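Here is the structure we will look at, set down as C-alpha cells.
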Amino acid sequence: MNVLLVGSGGREDAIARKIRETDTLYSVIMNDNPSIIKLSRDVIDYSTDSQKIVDFARKNKIDIAFIGPDGVLETDLVDRLSENHIPVASPTQKAAKIETSKEYMRSLMKKYRIRGDIENTVITNSEYLKEFFHENEGEYAVKPIGLTGGKGVKVMGLQLNGTAEAMAYASEILERDGKVLLEKRETGEEFSIQAFTDGTHIAFMPVVQDYKRLYEDDLGPNTGGMGSISDKNFTLPFITIDSVNDARNILRKIVNSMKEDGNTFKGVMYGQFMDTSHGVKVIEVNARFADPESINVLTLFKSNLVDVFLDIYSGTLKENLKFLDKATVLKYIVPPGYGIKPVESELVIKDGIESDNFKLYYSSVSGTLNRVKTSKSRALALIGIGDSIYEASDIVEDKLKYISGDYYIRHDIGTEQMLTRKIRGQ
Ligand code: GLY
C-alpha cells in the first residue's frame with residue numbers, strides 16, 4: 001500500500017515508523033524532519049493550497065491518507081482528497097469541528113445530553129462579559145473557541161490571578177475573535193484517551209497523562225506538552241477503572257451523536273478528561289492523535305496501523321486492537337528558553353541510543369539523524385518502555401548520556417516521587 005502522511009512532528013514520526021513496518025510512505029512535511037525524510041519514498045513541503053497535496057497523492061497512487069496536525073484538519077484538505085477519490089482515514093473539515101470549534105463541541109454535548117459536560121457559556125459582547133463576572137462567583141477557564149496550539153487556555157487560580165485578570169484576558173479574546181468561551185473551573189487529575197473510530201465502531205487505546213506545564217512539579221506556563229506517561233492494563237495508578245470506563249462511554253456517545261447529527265467522524269478522536277470529585281468531566285475533544293500521547297500508544301501498538309486506517313475508511317474497524325502490556329514514559333527535549341524565549345540550538349546524538357526498551361522520535365528539527373538543528377518548538381521525544389512507570393522514566397534518564405548540546409527537559413516526569421504524590425492525591 002502507498003500511504004500518505006501529512007505532518008512532521010514527533011507524533012508523525014511515530015505514525016511514520018508504524019506505517020513503514022508494513023507499507024510504503026509518502027510524506028507532506030512542515031520541517032525537514034530527518035527521520036520522516038529517511039522513512040519516506042518521496043516528500044513534499046506542506047502547502048495551504050490543497051491542490052498541490054492532491055496532485056502529489058495522485059502522482060504516487062496513494063491508497064490511504066492520514067493527517068496529523070489540527071491546523072491541517074481545519075483546512076479543506078481531507079474534503080479535497082475525498083473529492084479526488086483518495087481514501088482518507090481522517091475527519092472531514094466539518095467533523096473536525098469537534099476540535100476546531102469548542103462551541104460546537106459543547107453544543108453537541110448539550111443537545112445529546114452527553115455526561116461529563118462542564119457548565120459553560122459563550123460570550124459575544126463586552127457588556128455581557130462584565131455582567132457575567134459581576135453575577136457569577138467562582139473560578140473559570142477562559143478559552144478561545146478555535147485552535148490554541150495548547151497555549152491559549154488560561155484558568156483562574158492558575159494562569160489568571162483573580163477576576164480582573166480573567167476579564168482582561170476574556171476581553172482580549174472577545175475583541176480578537178468576536179467570541180469567548182467561559183467554563184467553570186474543575187479540579188482533579190487529567191487524563192487522555194485516544195480512540196480509532198470509523199463513525200460507528202470505536203477502538204480505544206491505553207490511557208495516557210500529558211504534562212503540559214513547562215517546569216517540574218507542574219509549575220509554569222502551559223506548553224504543547226513536555227512529556228507523558230502510560231501504564232500497564234490500559235489505565236494509570238491514580239485513575240480508577242470506573243473513571244476510565246466513564247470516559248470511554250463519553251467518547252462513544254460523542255461518536256454516536258455526531259453520526260446522528262449528520263456529521264460522521266472518522267479517524268482518531270482524543271478526549272482530554274478530568275477525574276473530579278463529582279465524576280469524569282470533558283475538558284476538550286480533539287480530532288486527531290495527541291502529541292505526545294500518541295507516541296506512548298503507538299510505541300506499544302502491535303496491530304497493523306495501515307489496516308486500521310483502511311478499516312476506518314471502509315467502516316469495518318475492529319474494536320479489539322493489540323497493545324504491548326508495558327508502561328511508557330516520554331520526555332521531550334526542547335530548546336533552551338522553550339515556551340518563554342526560545343533559542344535555537346544544535347544537538348548531537350550518538351549512535352546506538354535506541355534499544356528494545358527505548359525509542360527516540362524526531363520532532364521540530366532538521367539536519368541528520370545524528371546532528372539536528374532545533375527550531376523554537378519541541379525537538380526530540382525520548383520514550384522508555386518498562387514494567388513500571390518508574391522503570392520507564394529511569395530508562396529515559398539513562399539514555400540522556402547519548403545526547404549533547406543545549407536543551408531543557410523535565411526530569412520529574414514518571415519518577416517515583418511524582419507518582420507517589422499523585423497516588424496520595426497531593
Ligand atoms: N497533548 C496535547 C495535544 O496534543 O493537544
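For the C-alpha cells, the naming scheme is as follows: chains receive sequential letters (A, B, ...) according to their order of presentation, residues are indexed from 1 within each chain, and ligands are indexed from 1 in presentation order.
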
Worksheet item: So which residues are near ligand 1, meaning at most 12 Å away with only C-alpha atoms and all ligand atoms counted, given back as a PyMOL selection string?
Response: chain A and resi 9-12+68-71+99-100+147-153+190-194+208-213+222-229+268-273+283-296+330+332

Item to complete: Enumerate the residues of stretch 164-391 of chain A with a DSSP assignment of helix (DSSP H, G or I), computed from the backbone, and present them as JSON, numbers by chain.
Response: {"A": [164, 165, 166, 167, 168, 169, 170, 171, 172, 173, 174, 175, 176, 177, 216, 217, 218, 232, 233, 234, 241, 242, 243, 244, 245, 246, 247, 248, 249, 250, 251, 252, 253, 254, 255, 256, 257, 258, 259, 260, 293, 294, 295, 296, 297, 298, 299, 300, 305, 306, 307, 308, 309, 310, 311, 312, 313, 314, 389, 390, 391]}

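Between atom CA of A:Thr328 and atom CA of A:Ser355 there is a distance of 13.9 Å.
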
Worksheet item: Which residues come within 8 Å of A:Ala95, counting only C-alpha atoms, excluding same-chain residues fewer than 4 positions away, as a PyMOL selection string?
Response: chain A and resi 91+258+263-265+287

Store the residues picked out above in a file with all heavy atoms, as a PDB file, in the first residue's frame.
ATOM      1  N   PRO A  91     -10.859  12.930   9.771  1.00  0.00           N
ATOM      2  CA  PRO A  91     -12.183  13.550   9.687  1.00  0.00           C
ATOM      3  C   PRO A  91     -12.274  14.656   8.629  1.00  0.00           C
ATOM      4  O   PRO A  91     -11.284  15.338   8.361  1.00  0.00           O
ATOM      5  CB  PRO A  91     -12.382  14.141  11.087  1.00  0.00           C
ATOM      6  CG  PRO A  91     -11.011  14.324  11.633  1.00  0.00           C
ATOM      7  CD  PRO A  91     -10.174  13.234  11.040  1.00  0.00           C
ATOM      8  N   MET A 258     -22.443  12.389  16.877  1.00  0.00           N
ATOM      9  CA  MET A 258     -22.033  13.071  15.644  1.00  0.00           C
ATOM     10  C   MET A 258     -22.661  12.393  14.433  1.00  0.00           C
ATOM     11  O   MET A 258     -23.097  13.049  13.495  1.00  0.00           O
ATOM     12  CB  MET A 258     -20.497  13.107  15.542  1.00  0.00           C
ATOM     13  CG  MET A 258     -19.892  14.101  16.528  1.00  0.00           C
ATOM     14  SD  MET A 258     -18.107  14.283  16.360  1.00  0.00           S
ATOM     15  CE  MET A 258     -17.963  15.232  14.836  1.00  0.00           C
ATOM     16  N   ASN A 263     -23.033  14.256  10.967  1.00  0.00           N
ATOM     17  CA  ASN A 263     -21.655  14.739  10.865  1.00  0.00           C
ATOM     18  C   ASN A 263     -20.700  13.622  11.310  1.00  0.00           C
ATOM     19  O   ASN A 263     -19.947  13.770  12.278  1.00  0.00           O
ATOM     20  CB  ASN A 263     -21.501  15.991  11.753  1.00  0.00           C
ATOM     21  CG  ASN A 263     -20.189  16.713  11.516  1.00  0.00           C
ATOM     22  OD1 ASN A 263     -19.526  16.500  10.496  1.00  0.00           O
ATOM     23  ND2 ASN A 263     -19.800  17.553  12.465  1.00  0.00           N
ATOM     24  N   THR A 264     -20.751  12.503  10.594  1.00  0.00           N
ATOM     25  CA  THR A 264     -19.985  11.306  10.985  1.00  0.00           C
ATOM     26  C   THR A 264     -18.494  11.608  11.101  1.00  0.00           C
ATOM     27  O   THR A 264     -17.909  12.224  10.212  1.00  0.00           O
ATOM     28  CB  THR A 264     -20.227  10.185   9.953  1.00  0.00           C
ATOM     29  OG1 THR A 264     -21.620   9.904   9.960  1.00  0.00           O
ATOM     30  CG2 THR A 264     -19.457   8.916  10.309  1.00  0.00           C
ATOM     31  N   PHE A 265     -17.910  11.131  12.200  1.00  0.00           N
ATOM     32  CA  PHE A 265     -16.483  11.351  12.459  1.00  0.00           C
ATOM     33  C   PHE A 265     -15.724  10.071  12.173  1.00  0.00           C
ATOM     34  O   PHE A 265     -15.994   9.026  12.758  1.00  0.00           O
ATOM     35  CB  PHE A 265     -16.282  11.764  13.927  1.00  0.00           C
ATOM     36  CG  PHE A 265     -14.845  12.092  14.255  1.00  0.00           C
ATOM     37  CD1 PHE A 265     -14.423  13.416  14.304  1.00  0.00           C
ATOM     38  CD2 PHE A 265     -13.903  11.089  14.481  1.00  0.00           C
ATOM     39  CE1 PHE A 265     -13.091  13.732  14.580  1.00  0.00           C
ATOM     40  CE2 PHE A 265     -12.571  11.384  14.747  1.00  0.00           C
ATOM     41  CZ  PHE A 265     -12.168  12.713  14.796  1.00  0.00           C
ATOM     42  N   ALA A 287      -9.633  16.058  17.280  1.00  0.00           N
ATOM     43  CA  ALA A 287      -9.971  15.300  16.071  1.00  0.00           C
ATOM     44  C   ALA A 287      -8.768  14.570  15.494  1.00  0.00           C
ATOM     45  O   ALA A 287      -8.687  14.359  14.292  1.00  0.00           O
ATOM     46  CB  ALA A 287     -10.533  16.279  15.038  1.00  0.00           C
TER      47      ALA A 287
END

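When the distance limit is 9 Å and only C-alpha atoms are what count, the residues near A:Val372, minus those fewer than 5 positions from it on the same chain, are A:Pro34, A:Ser345, A:Glu346, A:Leu347, A:Val348, A:Ile349, A:Val365, A:Ser366, A:Gly367, A:Ala379.
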
Practice prompt. Determine which residues of stretch 52-251 of chain A DSSP labels as strand (DSSP E or B) from the backbone of this structure, then write them out as a ChimeraX atom specification.
Written response: /A:64-67,88,120-123,140-143,154-156,160,180-184,189-197,202-204,208-215,219-230

Item to complete: Find the residue from A:Met274, A:Ile353, A:Ala392, A:Leu317 that sits nearest to A:Leu369; use only C-alpha atoms when measuring.
Response: A:Ile353

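Atom CA of A:Arg378 is found 18.6 Å from atom CA of A:Phe358.
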
Response to the item:
note - atom CA of A:Leu25 and atom CA of A:Ser40 are separated by 4.8 Å
